[in-house]
Amino acid sequence: MKKRPAWLLATPLLLVTVTSACSDDNSDSLSSPGSESAAVEDGQEIINEPTSQTEPTTDINPVAAGLARAQQVVDRHSMAPNQITVTEPVSSAPESGKTVAWIACEITCATFNPAFQDATDALDWDLEIISVATVGNNTAILQALDIGADFIAITGTPPATIAEEITIAQERGVGIFMCFDTTIPDPANNNIYTNCAGEASLYAAGEIHANKVIVESGGNANVLMINIVDFDILVAQREGAKAAYAENCPNCTFQELAVTLDQLLTAGVPEATVSALLTDDSINWVHIATAGMAYGILDALDKAGLSERVKVAGVGSDAAGLADIVTGRYEFWTVNPVKYSAWLMVDGMVRTSVGDTIPGNGHNTPPLPTYIVDTADEAQKILDTPEQDFSGPATMKDQFKALWGIG
């Protein structure tokens, strides 16, 4: 295990992944009033976000107090959670024979497939996987309706981009079950029944990440977040990180490198990251918003001679990121249980099928059960599982089945 930073030994204690598919540009709705563009380098917008210092009291050192609060957050998220985040059983066991259409996005959605298969198999339901790589989101929704789907699942897709198809689905009595978007579920009006892993979950993920950086840096981190602000859900993560630095780290700075989806798809993110680091030599931490953005960044830092200066960590690791924790190249990742989110979407379908209310109205459920992986042993433990990924609490399948009355 890693040793705790030296500051903690001398300070008494004082005190929740991956986007997928495309999104529209509504990130301003979550931006802080003080946000401003500080520089434009080679078309890359670097948004400086200086943190606001919490007003100190007369008898408590604000740096020590912030470090202690940050450590408490880290301690709460230092072990794999063992409980799912829904606890209310359904009123009756669901009928078999339902059909779920899963609209699988082009970039990262294959990760969800086995979880949807396991959940629907447990219910004796049929699963149809429709890839948008070949038909697109709009056509995929219509195809799901044509095959007689009872429920449609999709992630990371702004409802405005499929509004007409959502209306058609509503007319046919087929609900939409989502994750990784910020839209509030309102079945009667927008036909969306769930939006798990929404704004609150990604905001919490940003807070967890930032507090870990605060602890590891001893309260002296100058952070560059690599982000795609076209995804509202990743803007929520940014806002969570900003809030944590503002509350717990008066000596930290935070800025954002806003890259585009096109840069991600054309492997332009590493070059943009190096350019930003060379422009500002005070940056000593890099925060990667999601594992899909991480490819090539470590190698680019090595090539530019920046690896010794900058520590790198991220939110929602994949197998490659975990492997680089084992070799010591990454400081840490939080893990994003996307398979768990698939079970959450199916849980919403189950409750809808028996006429029950979805907890939190399908949106305000607790953040996804995530935790910080920062040691080679823990990373290797996850890599040694068949999925090479953190799927969620170890017994989550049995816990969901018990809630559904099919255990």
# chains A, B, ... in the order shown; residues from 1 in each chain; ligands from 1
call {"tool": "select_by_dssp", "arguments": {"residues": "stretch 99-299 of chain A", "states": "helix (DSSP H, G or I)", "output": "PDB file with N, CA and C atoms, in the first residue's frame"}}
result
ATOM      1  N   CYS A 109     -19.427   1.449 -25.704  1.00  0.00           N
ATOM      2  CA  CYS A 109     -20.592   0.760 -25.157  1.00  0.00           C
ATOM      3  C   CYS A 109     -20.508  -0.762 -25.145  1.00  0.00           C
ATOM      4  N   ALA A 110     -19.529  -1.340 -25.803  1.00  0.00           N
ATOM      5  CA  ALA A 110     -19.400  -2.796 -25.746  1.00  0.00           C
ATOM      6  C   ALA A 110     -19.205  -3.275 -24.317  1.00  0.00           C
ATOM      7  N   THR A 111     -18.658  -2.397 -23.469  1.00  0.00           N
ATOM      8  CA  THR A 111     -18.458  -2.747 -22.063  1.00  0.00           C
ATOM      9  C   THR A 111     -19.770  -3.087 -21.376  1.00  0.00           C
ATOM     10  N   PHE A 112     -20.862  -2.461 -21.804  1.00  0.00           N
ATOM     11  CA  PHE A 112     -22.168  -2.682 -21.181  1.00  0.00           C
ATOM     12  C   PHE A 112     -22.793  -4.018 -21.581  1.00  0.00           C
ATOM     13  N   ASN A 113     -22.422  -4.533 -22.742  1.00  0.00           N
ATOM     14  CA  ASN A 113     -23.158  -5.651 -23.329  1.00  0.00           C
ATOM     15  C   ASN A 113     -23.313  -6.853 -22.403  1.00  0.00           C
ATOM     16  N   PRO A 114     -22.234  -7.352 -21.784  1.00  0.00           N
ATOM     17  CA  PRO A 114     -22.412  -8.539 -20.939  1.00  0.00           C
ATOM     18  C   PRO A 114     -23.296  -8.283 -19.726  1.00  0.00           C
ATOM     19  N   ALA A 115     -23.295  -7.069 -19.210  1.00  0.00           N
ATOM     20  CA  ALA A 115     -24.140  -6.774 -18.054  1.00  0.00           C
ATOM     21  C   ALA A 115     -25.610  -6.775 -18.446  1.00  0.00           C
ATOM     22  N   PHE A 116     -25.936  -6.166 -19.591  1.00  0.00           N
ATOM     23  CA  PHE A 116     -27.317  -6.230 -20.059  1.00  0.00           C
ATOM     24  C   PHE A 116     -27.726  -7.676 -20.311  1.00  0.00           C
ATOM     25  N   GLN A 117     -26.808  -8.479 -20.857  1.00  0.00           N
ATOM     26  CA  GLN A 117     -27.128  -9.883 -21.118  1.00  0.00           C
ATOM     27  C   GLN A 117     -27.399 -10.629 -19.815  1.00  0.00           C
ATOM     28  N   ASP A 118     -26.553 -10.428 -18.811  1.00  0.00           N
ATOM     29  CA  ASP A 118     -26.739 -11.108 -17.527  1.00  0.00           C
ATOM     30  C   ASP A 118     -28.053 -10.701 -16.864  1.00  0.00           C
ATOM     31  N   ALA A 119     -28.350  -9.395 -16.879  1.00  0.00           N
ATOM     32  CA  ALA A 119     -29.555  -8.913 -16.199  1.00  0.00           C
ATOM     33  C   ALA A 119     -30.821  -9.411 -16.887  1.00  0.00           C
ATOM     34  N   THR A 120     -30.844  -9.362 -18.218  1.00  0.00           N
ATOM     35  CA  THR A 120     -32.040  -9.828 -18.924  1.00  0.00           C
ATOM     36  C   THR A 120     -32.173 -11.351 -18.852  1.00  0.00           C
ATOM     37  N   ASP A 121     -31.055 -12.071 -18.887  1.00  0.00           N
ATOM     38  CA  ASP A 121     -31.119 -13.529 -18.715  1.00  0.00           C
ATOM     39  C   ASP A 121     -31.710 -13.902 -17.367  1.00  0.00           C
ATOM     40  N   ALA A 122     -31.335 -13.153 -16.322  1.00  0.00           N
ATOM     41  CA  ALA A 122     -31.843 -13.442 -14.980  1.00  0.00           C
ATOM     42  C   ALA A 122     -33.366 -13.308 -14.920  1.00  0.00           C
ATOM     43  N   LEU A 123     -33.896 -12.407 -15.745  1.00  0.00           N
ATOM     44  CA  LEU A 123     -35.342 -12.153 -15.755  1.00  0.00           C
ATOM     45  C   LEU A 123     -36.079 -13.019 -16.772  1.00  0.00           C
ATOM     46  N   VAL A 132     -25.055   1.574 -32.950  1.00  0.00           N
ATOM     47  CA  VAL A 132     -25.225   2.817 -33.695  1.00  0.00           C
ATOM     48  C   VAL A 132     -24.077   3.047 -34.676  1.00  0.00           C
ATOM     49  N   ALA A 133     -23.042   2.246 -34.587  1.00  0.00           N
ATOM     50  CA  ALA A 133     -21.937   2.377 -35.542  1.00  0.00           C
ATOM     51  C   ALA A 133     -22.407   2.119 -36.963  1.00  0.00           C
ATOM     52  N   THR A 134     -23.471   1.353 -37.104  1.00  0.00           N
ATOM     53  CA  THR A 134     -23.965   1.016 -38.431  1.00  0.00           C
ATOM     54  C   THR A 134     -25.251   1.751 -38.793  1.00  0.00           C
ATOM     55  N   VAL A 135     -26.059   2.151 -37.810  1.00  0.00           N
ATOM     56  CA  VAL A 135     -27.367   2.742 -38.148  1.00  0.00           C
ATOM     57  C   VAL A 135     -27.587   4.130 -37.563  1.00  0.00           C
ATOM     58  N   ASN A 137     -28.145   6.727 -33.921  1.00  0.00           N
ATOM     59  CA  ASN A 137     -29.088   6.696 -32.796  1.00  0.00           C
ATOM     60  C   ASN A 137     -30.542   6.744 -33.235  1.00  0.00           C
ATOM     61  N   ASN A 138     -30.862   7.640 -34.160  1.00  0.00           N
ATOM     62  CA  ASN A 138     -32.261   7.835 -34.536  1.00  0.00           C
ATOM     63  C   ASN A 138     -32.838   6.590 -35.191  1.00  0.00           C
ATOM     64  N   THR A 139     -32.093   6.045 -36.153  1.00  0.00           N
ATOM     65  CA  THR A 139     -32.549   4.829 -36.818  1.00  0.00           C
ATOM     66  C   THR A 139     -32.594   3.655 -35.855  1.00  0.00           C
ATOM     67  N   ALA A 140     -31.654   3.618 -34.902  1.00  0.00           N
ATOM     68  CA  ALA A 140     -31.617   2.527 -33.932  1.00  0.00           C
ATOM     69  C   ALA A 140     -32.879   2.508 -33.075  1.00  0.00           C
ATOM     70  N   ILE A 141     -33.353   3.688 -32.665  1.00  0.00           N
ATOM     71  CA  ILE A 141     -34.597   3.753 -31.887  1.00  0.00           C
ATOM     72  C   ILE A 141     -35.754   3.187 -32.704  1.00  0.00           C
ATOM     73  N   LEU A 142     -35.855   3.588 -33.940  1.00  0.00           N
ATOM     74  CA  LEU A 142     -36.944   3.098 -34.796  1.00  0.00           C
ATOM     75  C   LEU A 142     -36.821   1.592 -35.020  1.00  0.00           C
ATOM     76  N   GLN A 143     -35.588   1.118 -35.166  1.00  0.00           N
ATOM     77  CA  GLN A 143     -35.377  -0.322 -35.340  1.00  0.00           C
ATOM     78  C   GLN A 143     -35.807  -1.078 -34.092  1.00  0.00           C
ATOM     79  N   ALA A 144     -35.518  -0.519 -32.928  1.00  0.00           N
ATOM     80  CA  ALA A 144     -35.937  -1.156 -31.673  1.00  0.00           C
ATOM     81  C   ALA A 144     -37.460  -1.264 -31.597  1.00  0.00           C
ATOM     82  N   LEU A 145     -38.141  -0.230 -32.050  1.00  0.00           N
ATOM     83  CA  LEU A 145     -39.605  -0.258 -32.052  1.00  0.00           C
ATOM     84  C   LEU A 145     -40.134  -1.286 -33.052  1.00  0.00           C
ATOM     85  N   ASP A 146     -39.464  -1.386 -34.183  1.00  0.00           N
ATOM     86  CA  ASP A 146     -39.910  -2.325 -35.212  1.00  0.00           C
ATOM     87  C   ASP A 146     -39.797  -3.778 -34.757  1.00  0.00           C
ATOM     88  N   PRO A 159     -31.368  13.811 -25.202  1.00  0.00           N
ATOM     89  CA  PRO A 159     -32.691  13.516 -25.772  1.00  0.00           C
ATOM     90  C   PRO A 159     -33.082  14.432 -26.928  1.00  0.00           C
ATOM     91  N   ALA A 160     -32.549  15.664 -26.952  1.00  0.00           N
ATOM     92  CA  ALA A 160     -32.899  16.583 -28.036  1.00  0.00           C
ATOM     93  C   ALA A 160     -32.489  16.042 -29.393  1.00  0.00           C
ATOM     94  N   THR A 161     -31.461  15.206 -29.424  1.00  0.00           N
ATOM     95  CA  THR A 161     -30.975  14.671 -30.700  1.00  0.00           C
ATOM     96  C   THR A 161     -31.821  13.504 -31.208  1.00  0.00           C
ATOM     97  N   ILE A 162     -32.678  12.957 -30.354  1.00  0.00           N
ATOM     98  CA  ILE A 162     -33.554  11.848 -30.748  1.00  0.00           C
ATOM     99  C   ILE A 162     -34.995  12.145 -30.337  1.00  0.00           C
ATOM    100  N   ALA A 163     -35.354  13.428 -30.309  1.00  0.00           N
ATOM    101  CA  ALA A 163     -36.650  13.848 -29.774  1.00  0.00           C
ATOM    102  C   ALA A 163     -37.819  13.238 -30.545  1.00  0.00           C
ATOM    103  N   GLU A 164     -37.733  13.251 -31.868  1.00  0.00           N
ATOM    104  CA  GLU A 164     -38.836  12.719 -32.673  1.00  0.00           C
ATOM    105  C   GLU A 164     -39.036  11.234 -32.404  1.00  0.00           C
ATOM    106  N   GLU A 165     -37.933  10.505 -32.311  1.00  0.00           N
ATOM    107  CA  GLU A 165     -38.020   9.061 -32.071  1.00  0.00           C
ATOM    108  C   GLU A 165     -38.529   8.762 -30.659  1.00  0.00           C
ATOM    109  N   ILE A 166     -38.148   9.593 -29.691  1.00  0.00           N
ATOM    110  CA  ILE A 166     -38.659   9.414 -28.330  1.00  0.00           C
ATOM    111  C   ILE A 166     -40.170   9.603 -28.302  1.00  0.00           C
ATOM    112  N   THR A 167     -40.671  10.570 -29.062  1.00  0.00           N
ATOM    113  CA  THR A 167     -42.121  10.798 -29.133  1.00  0.00           C
ATOM    114  C   THR A 167     -42.833   9.605 -29.750  1.00  0.00           C
ATOM    115  N   ILE A 168     -42.248   9.058 -30.807  1.00  0.00           N
ATOM    116  CA  ILE A 168     -42.852   7.874 -31.431  1.00  0.00           C
ATOM    117  C   ILE A 168     -42.873   6.708 -30.447  1.00  0.00           C
ATOM    118  N   ALA A 169     -41.766   6.532 -29.711  1.00  0.00           N
ATOM    119  CA  ALA A 169     -41.715   5.460 -28.712  1.00  0.00           C
ATOM    120  C   ALA A 169     -42.783   5.665 -27.645  1.00  0.00           C
ATOM    121  N   GLN A 170     -42.978   6.901 -27.220  1.00  0.00           N
ATOM    122  CA  GLN A 170     -43.994   7.181 -26.201  1.00  0.00           C
ATOM    123  C   GLN A 170     -45.390   6.846 -26.714  1.00  0.00           C
ATOM    124  N   GLU A 171     -45.652   7.170 -27.972  1.00  0.00           N
ATOM    125  CA  GLU A 171     -46.963   6.854 -28.561  1.00  0.00           C
ATOM    126  C   GLU A 171     -47.210   5.356 -28.597  1.00  0.00           C
ATOM    127  N   PRO A 187     -41.358  10.756 -17.202  1.00  0.00           N
ATOM    128  CA  PRO A 187     -41.988   9.843 -18.163  1.00  0.00           C
ATOM    129  C   PRO A 187     -43.209  10.417 -18.869  1.00  0.00           C
ATOM    130  N   ALA A 188     -44.045  11.165 -18.148  1.00  0.00           N
ATOM    131  CA  ALA A 188     -45.276  11.671 -18.754  1.00  0.00           C
ATOM    132  C   ALA A 188     -44.996  12.697 -19.842  1.00  0.00           C
ATOM    133  N   ASN A 189     -43.888  13.410 -19.723  1.00  0.00           N
ATOM    134  CA  ASN A 189     -43.609  14.493 -20.670  1.00  0.00           C
ATOM    135  C   ASN A 189     -42.470  14.193 -21.634  1.00  0.00           C
ATOM    136  N   ASN A 190     -41.387  13.577 -21.142  1.00  0.00           N
ATOM    137  CA  ASN A 190     -40.266  13.322 -22.064  1.00  0.00           C
ATOM    138  C   ASN A 190     -40.009  11.840 -22.301  1.00  0.00           C
ATOM    139  N   GLU A 199     -25.874  13.818 -13.392  1.00  0.00           N
ATOM    140  CA  GLU A 199     -25.087  14.960 -12.940  1.00  0.00           C
ATOM    141  C   GLU A 199     -24.528  14.766 -11.535  1.00  0.00           C
ATOM    142  N   ALA A 200     -25.373  14.306 -10.596  1.00  0.00           N
ATOM    143  CA  ALA A 200     -24.922  14.158  -9.210  1.00  0.00           C
ATOM    144  C   ALA A 200     -23.792  13.139  -9.092  1.00  0.00           C
ATOM    145  N   SER A 201     -23.886  12.063  -9.854  1.00  0.00           N
ATOM    146  CA  SER A 201     -22.869  11.016  -9.777  1.00  0.00           C
ATOM    147  C   SER A 201     -21.530  11.507 -10.302  1.00  0.00           C
ATOM    148  N   LEU A 202     -21.548  12.215 -11.433  1.00  0.00           N
ATOM    149  CA  LEU A 202     -20.291  12.695 -12.002  1.00  0.00           C
ATOM    150  C   LEU A 202     -19.731  13.876 -11.218  1.00  0.00           C
ATOM    151  N   TYR A 203     -20.597  14.667 -10.628  1.00  0.00           N
ATOM    152  CA  TYR A 203     -20.133  15.738  -9.731  1.00  0.00           C
ATOM    153  C   TYR A 203     -19.373  15.115  -8.558  1.00  0.00           C
ATOM    154  N   ALA A 204     -19.955  14.057  -7.979  1.00  0.00           N
ATOM    155  CA  ALA A 204     -19.293  13.368  -6.866  1.00  0.00           C
ATOM    156  C   ALA A 204     -17.975  12.757  -7.308  1.00  0.00           C
ATOM    157  N   ALA A 205     -17.917  12.220  -8.529  1.00  0.00           N
ATOM    158  CA  ALA A 205     -16.667  11.653  -9.029  1.00  0.00           C
ATOM    159  C   ALA A 205     -15.576  12.712  -9.115  1.00  0.00           C
ATOM    160  N   GLY A 206     -15.957  13.911  -9.553  1.00  0.00           N
ATOM    161  CA  GLY A 206     -14.991  14.999  -9.602  1.00  0.00           C
ATOM    162  C   GLY A 206     -14.495  15.391  -8.224  1.00  0.00           C
ATOM    163  N   GLU A 207     -15.402  15.400  -7.249  1.00  0.00           N
ATOM    164  CA  GLU A 207     -15.014  15.720  -5.872  1.00  0.00           C
ATOM    165  C   GLU A 207     -14.044  14.683  -5.308  1.00  0.00           C
ATOM    166  N   ILE A 208     -14.353  13.420  -5.526  1.00  0.00           N
ATOM    167  CA  ILE A 208     -13.482  12.353  -5.015  1.00  0.00           C
ATOM    168  C   ILE A 208     -12.088  12.483  -5.612  1.00  0.00           C
ATOM    169  N   HIS A 209     -12.026  12.660  -6.924  1.00  0.00           N
ATOM    170  CA  HIS A 209     -10.732  12.778  -7.600  1.00  0.00           C
ATOM    171  C   HIS A 209      -9.932  13.950  -7.048  1.00  0.00           C
ATOM    172  N   ALA A 210     -10.568  15.108  -6.937  1.00  0.00           N
ATOM    173  CA  ALA A 210      -9.864  16.297  -6.470  1.00  0.00           C
ATOM    174  C   ALA A 210      -9.364  16.136  -5.046  1.00  0.00           C
ATOM    175  N   ASN A 211     -10.169  15.558  -4.180  1.00  0.00           N
ATOM    176  CA  ASN A 211      -9.735  15.383  -2.796  1.00  0.00           C
ATOM    177  C   ASN A 211      -8.561  14.425  -2.690  1.00  0.00           C
ATOM    178  N   LYS A 212      -8.517  13.420  -3.551  1.00  0.00           N
ATOM    179  CA  LYS A 212      -7.363  12.517  -3.566  1.00  0.00           C
ATOM    180  C   LYS A 212      -6.107  13.272  -4.006  1.00  0.00           C
ATOM    181  N   VAL A 213      -6.228  14.130  -5.014  1.00  0.00           N
ATOM    182  CA  VAL A 213      -5.079  14.932  -5.460  1.00  0.00           C
ATOM    183  C   VAL A 213      -4.621  15.863  -4.337  1.00  0.00           C
ATOM    184  N   ILE A 214      -5.571  16.462  -3.640  1.00  0.00           N
ATOM    185  CA  ILE A 214      -5.227  17.346  -2.523  1.00  0.00           C
ATOM    186  C   ILE A 214      -4.399  16.595  -1.481  1.00  0.00           C
ATOM    187  N   VAL A 215      -4.841  15.396  -1.145  1.00  0.00           N
ATOM    188  CA  VAL A 215      -4.130  14.589  -0.149  1.00  0.00           C
ATOM    189  C   VAL A 215      -2.739  14.222  -0.650  1.00  0.00           C
ATOM    190  N   GLU A 216      -2.662  13.706  -1.879  1.00  0.00           N
ATOM    191  CA  GLU A 216      -1.378  13.241  -2.412  1.00  0.00           C
ATOM    192  C   GLU A 216      -0.369  14.372  -2.589  1.00  0.00           C
ATOM    193  N   SER A 217      -0.875  15.563  -2.856  1.00  0.00           N
ATOM    194  CA  SER A 217       0.015  16.705  -3.091  1.00  0.00           C
ATOM    195  C   SER A 217       0.323  17.481  -1.820  1.00  0.00           C
ATOM    196  N   ASP A 232     -22.203  17.437 -21.286  1.00  0.00           N
ATOM    197  CA  ASP A 232     -22.669  18.057 -20.049  1.00  0.00           C
ATOM    198  C   ASP A 232     -22.282  17.233 -18.830  1.00  0.00           C
ATOM    199  N   ILE A 233     -22.269  15.926 -18.984  1.00  0.00           N
ATOM    200  CA  ILE A 233     -21.977  15.056 -17.860  1.00  0.00           C
ATOM    201  C   ILE A 233     -20.537  15.236 -17.401  1.00  0.00           C
ATOM    202  N   LEU A 234     -19.627  15.521 -18.332  1.00  0.00           N
ATOM    203  CA  LEU A 234     -18.239  15.767 -17.945  1.00  0.00           C
ATOM    204  C   LEU A 234     -18.058  17.169 -17.380  1.00  0.00           C
ATOM    205  N   VAL A 235     -18.921  18.091 -17.766  1.00  0.00           N
ATOM    206  CA  VAL A 235     -18.916  19.409 -17.139  1.00  0.00           C
ATOM    207  C   VAL A 235     -19.298  19.275 -15.665  1.00  0.00           C
ATOM    208  N   ALA A 236     -20.243  18.390 -15.367  1.00  0.00           N
ATOM    209  CA  ALA A 236     -20.616  18.148 -13.970  1.00  0.00           C
ATOM    210  C   ALA A 236     -19.425  17.630 -13.179  1.00  0.00           C
ATOM    211  N   GLN A 237     -18.631  16.753 -13.783  1.00  0.00           N
ATOM    212  CA  GLN A 237     -17.431  16.266 -13.105  1.00  0.00           C
ATOM    213  C   GLN A 237     -16.460  17.416 -12.819  1.00  0.00           C
ATOM    214  N   ARG A 238     -16.286  18.286 -13.810  1.00  0.00           N
ATOM    215  CA  ARG A 238     -15.414  19.442 -13.619  1.00  0.00           C
ATOM    216  C   ARG A 238     -15.887  20.298 -12.454  1.00  0.00           C
ATOM    217  N   GLU A 239     -17.196  20.534 -12.381  1.00  0.00           N
ATOM    218  CA  GLU A 239     -17.723  21.384 -11.320  1.00  0.00           C
ATOM    219  C   GLU A 239     -17.517  20.755  -9.942  1.00  0.00           C
ATOM    220  N   GLY A 240     -17.612  19.417  -9.863  1.00  0.00           N
ATOM    221  CA  GLY A 240     -17.338  18.744  -8.599  1.00  0.00           C
ATOM    222  C   GLY A 240     -15.899  18.899  -8.166  1.00  0.00           C
ATOM    223  N   ALA A 241     -14.981  18.770  -9.122  1.00  0.00           N
ATOM    224  CA  ALA A 241     -13.565  18.951  -8.812  1.00  0.00           C
ATOM    225  C   ALA A 241     -13.285  20.381  -8.372  1.00  0.00           C
ATOM    226  N   LYS A 242     -13.811  21.348  -9.102  1.00  0.00           N
ATOM    227  CA  LYS A 242     -13.612  22.748  -8.740  1.00  0.00           C
ATOM    228  C   LYS A 242     -14.101  23.035  -7.325  1.00  0.00           C
ATOM    229  N   ALA A 243     -15.266  22.494  -6.993  1.00  0.00           N
ATOM    230  CA  ALA A 243     -15.829  22.739  -5.665  1.00  0.00           C
ATOM    231  C   ALA A 243     -14.929  22.180  -4.569  1.00  0.00           C
ATOM    232  N   ALA A 244     -14.363  20.993  -4.804  1.00  0.00           N
ATOM    233  CA  ALA A 244     -13.492  20.381  -3.797  1.00  0.00           C
ATOM    234  C   ALA A 244     -12.219  21.192  -3.605  1.00  0.00           C
ATOM    235  N   TYR A 245     -11.615  21.644  -4.697  1.00  0.00           N
ATOM    236  CA  TYR A 245     -10.406  22.471  -4.559  1.00  0.00           C
ATOM    237  C   TYR A 245     -10.731  23.785  -3.848  1.00  0.00           C
ATOM    238  N   ALA A 246     -11.861  24.386  -4.187  1.00  0.00           N
ATOM    239  CA  ALA A 246     -12.237  25.646  -3.560  1.00  0.00           C
ATOM    240  C   ALA A 246     -12.449  25.484  -2.059  1.00  0.00           C
ATOM    241  N   GLU A 247     -13.030  24.360  -1.670  1.00  0.00           N
ATOM    242  CA  GLU A 247     -13.324  24.148  -0.256  1.00  0.00           C
ATOM    243  C   GLU A 247     -12.102  23.699   0.532  1.00  0.00           C
ATOM    244  N   ASN A 248     -11.287  22.835  -0.059  1.00  0.00           N
ATOM    245  CA  ASN A 248     -10.274  22.136   0.730  1.00  0.00           C
ATOM    246  C   ASN A 248      -8.823  22.440   0.364  1.00  0.00           C
ATOM    247  N   LEU A 261     -14.417  16.317 -29.409  1.00  0.00           N
ATOM    248  CA  LEU A 261     -14.645  14.916 -29.750  1.00  0.00           C
ATOM    249  C   LEU A 261     -13.848  14.526 -30.986  1.00  0.00           C
ATOM    250  N   ASP A 262     -13.721  15.438 -31.935  1.00  0.00           N
ATOM    251  CA  ASP A 262     -12.909  15.153 -33.129  1.00  0.00           C
ATOM    252  C   ASP A 262     -11.451  14.890 -32.750  1.00  0.00           C
ATOM    253  N   GLN A 263     -10.916  15.676 -31.809  1.00  0.00           N
ATOM    254  CA  GLN A 263      -9.542  15.430 -31.362  1.00  0.00           C
ATOM    255  C   GLN A 263      -9.418  14.056 -30.708  1.00  0.00           C
ATOM    256  N   LEU A 264     -10.438  13.677 -29.942  1.00  0.00           N
ATOM    257  CA  LEU A 264     -10.419  12.359 -29.318  1.00  0.00           C
ATOM    258  C   LEU A 264     -10.391  11.263 -30.381  1.00  0.00           C
ATOM    259  N   LEU A 265     -11.231  11.396 -31.387  1.00  0.00           N
ATOM    260  CA  LEU A 265     -11.353  10.357 -32.404  1.00  0.00           C
ATOM    261  C   LEU A 265     -10.147  10.314 -33.336  1.00  0.00           C
ATOM    262  N   VAL A 269      -5.552  14.315 -28.606  1.00  0.00           N
ATOM    263  CA  VAL A 269      -5.542  14.750 -27.204  1.00  0.00           C
ATOM    264  C   VAL A 269      -4.133  14.765 -26.609  1.00  0.00           C
ATOM    265  N   PRO A 270      -3.278  13.753 -26.834  1.00  0.00           N
ATOM    266  CA  PRO A 270      -1.933  13.800 -26.248  1.00  0.00           C
ATOM    267  C   PRO A 270      -1.143  15.040 -26.658  1.00  0.00           C
ATOM    268  N   GLU A 271      -1.186  15.383 -27.925  1.00  0.00           N
ATOM    269  CA  GLU A 271      -0.443  16.556 -28.397  1.00  0.00           C
ATOM    270  C   GLU A 271      -0.963  17.826 -27.739  1.00  0.00           C
ATOM    271  N   ALA A 272      -2.281  17.947 -27.622  1.00  0.00           N
ATOM    272  CA  ALA A 272      -2.864  19.127 -26.984  1.00  0.00           C
ATOM    273  C   ALA A 272      -2.454  19.203 -25.517  1.00  0.00           C
ATOM    274  N   THR A 273      -2.393  18.057 -24.856  1.00  0.00           N
ATOM    275  CA  THR A 273      -2.005  18.024 -23.450  1.00  0.00           C
ATOM    276  C   THR A 273      -0.560  18.484 -23.269  1.00  0.00           C
ATOM    277  N   VAL A 274       0.333  17.952 -24.075  1.00  0.00           N
ATOM    278  CA  VAL A 274       1.747  18.351 -23.986  1.00  0.00           C
ATOM    279  C   VAL A 274       1.895  19.842 -24.248  1.00  0.00           C
ATOM    280  N   SER A 275       1.175  20.357 -25.236  1.00  0.00           N
ATOM    281  CA  SER A 275       1.258  21.777 -25.558  1.00  0.00           C
ATOM    282  C   SER A 275       0.852  22.634 -24.361  1.00  0.00           C
ATOM    283  N   ALA A 276      -0.226  22.241 -23.688  1.00  0.00           N
ATOM    284  CA  ALA A 276      -0.673  23.000 -22.529  1.00  0.00           C
ATOM    285  C   ALA A 276       0.345  22.950 -21.394  1.00  0.00           C
ATOM    286  N   LEU A 277       0.970  21.794 -21.188  1.00  0.00           N
ATOM    287  CA  LEU A 277       1.958  21.651 -20.115  1.00  0.00           C
ATOM    288  C   LEU A 277       3.225  22.447 -20.405  1.00  0.00           C
ATOM    289  N   LEU A 278       3.611  22.511 -21.658  1.00  0.00           N
ATOM    290  CA  LEU A 278       4.790  23.290 -22.021  1.00  0.00           C
ATOM    291  C   LEU A 278       4.516  24.789 -21.910  1.00  0.00           C
ATOM    292  N   THR A 279       3.256  25.168 -22.103  1.00  0.00           N
ATOM    293  CA  THR A 279       2.881  26.581 -21.982  1.00  0.00           C
ATOM    294  C   THR A 279       2.908  27.046 -20.535  1.00  0.00           C
ATOM    295  N   ALA A 291     -11.563   7.491 -19.146  1.00  0.00           N
ATOM    296  CA  ALA A 291     -10.526   6.599 -19.667  1.00  0.00           C
ATOM    297  C   ALA A 291     -10.376   6.677 -21.179  1.00  0.00           C
ATOM    298  N   GLY A 292     -11.464   6.935 -21.892  1.00  0.00           N
ATOM    299  CA  GLY A 292     -11.395   7.008 -23.339  1.00  0.00           C
ATOM    300  C   GLY A 292     -10.514   8.127 -23.858  1.00  0.00           C
ATOM    301  N   MET A 293     -10.190   9.099 -22.993  1.00  0.00           N
ATOM    302  CA  MET A 293      -9.339  10.217 -23.382  1.00  0.00           C
ATOM    303  C   MET A 293      -7.874   9.978 -23.039  1.00  0.00           C
ATOM    304  N   ILE A 297      -1.495   9.567 -23.825  1.00  0.00           N
ATOM    305  CA  ILE A 297      -1.035  10.705 -23.023  1.00  0.00           C
ATOM    306  C   ILE A 297       0.257  10.374 -22.287  1.00  0.00           C
ATOM    307  N   LEU A 298       0.359   9.219 -21.667  1.00  0.00           N
ATOM    308  CA  LEU A 298       1.569   8.873 -20.926  1.00  0.00           C
ATOM    309  C   LEU A 298       2.782   8.803 -21.851  1.00  0.00           C
ATOM    310  N   ASP A 299       2.608   8.193 -23.003  1.00  0.00           N
ATOM    311  CA  ASP A 299       3.728   8.107 -23.949  1.00  0.00           C
ATOM    312  C   ASP A 299       4.136   9.495 -24.442  1.00  0.00           C
TER     313      ASP A 299
END
call {"tool": "residues_around", "arguments": {"residues": "A:Ile184", "least_positions_apart": "4", "cutoff": "12 Å", "atoms": "only C-alpha atoms", "output": "MDAnalysis selection string"}}
result
chainID A and resid 158:159 177:180 188:200 360:365
call {"tool": "closest_residue", "arguments": {"among": "A:Asp124, A:Leu368, A:Ala300, A:Gly268", "to": "A:Ala93", "atoms": "only C-alpha atoms"}}
result
A:Asp124
call {"tool": "closest_residue", "arguments": {"among": "A:Thr108, A:Thr370, A:Asn284, A:Ser96", "to": "A:Phe254", "atoms": "only C-alpha atoms"}}
result
A:Asn284
call {"tool": "atom_distance", "arguments": {"atom1": "atom CA of A:Pro337", "atom2": "atom CA of A:Ile129"}}
result
19.7 Å
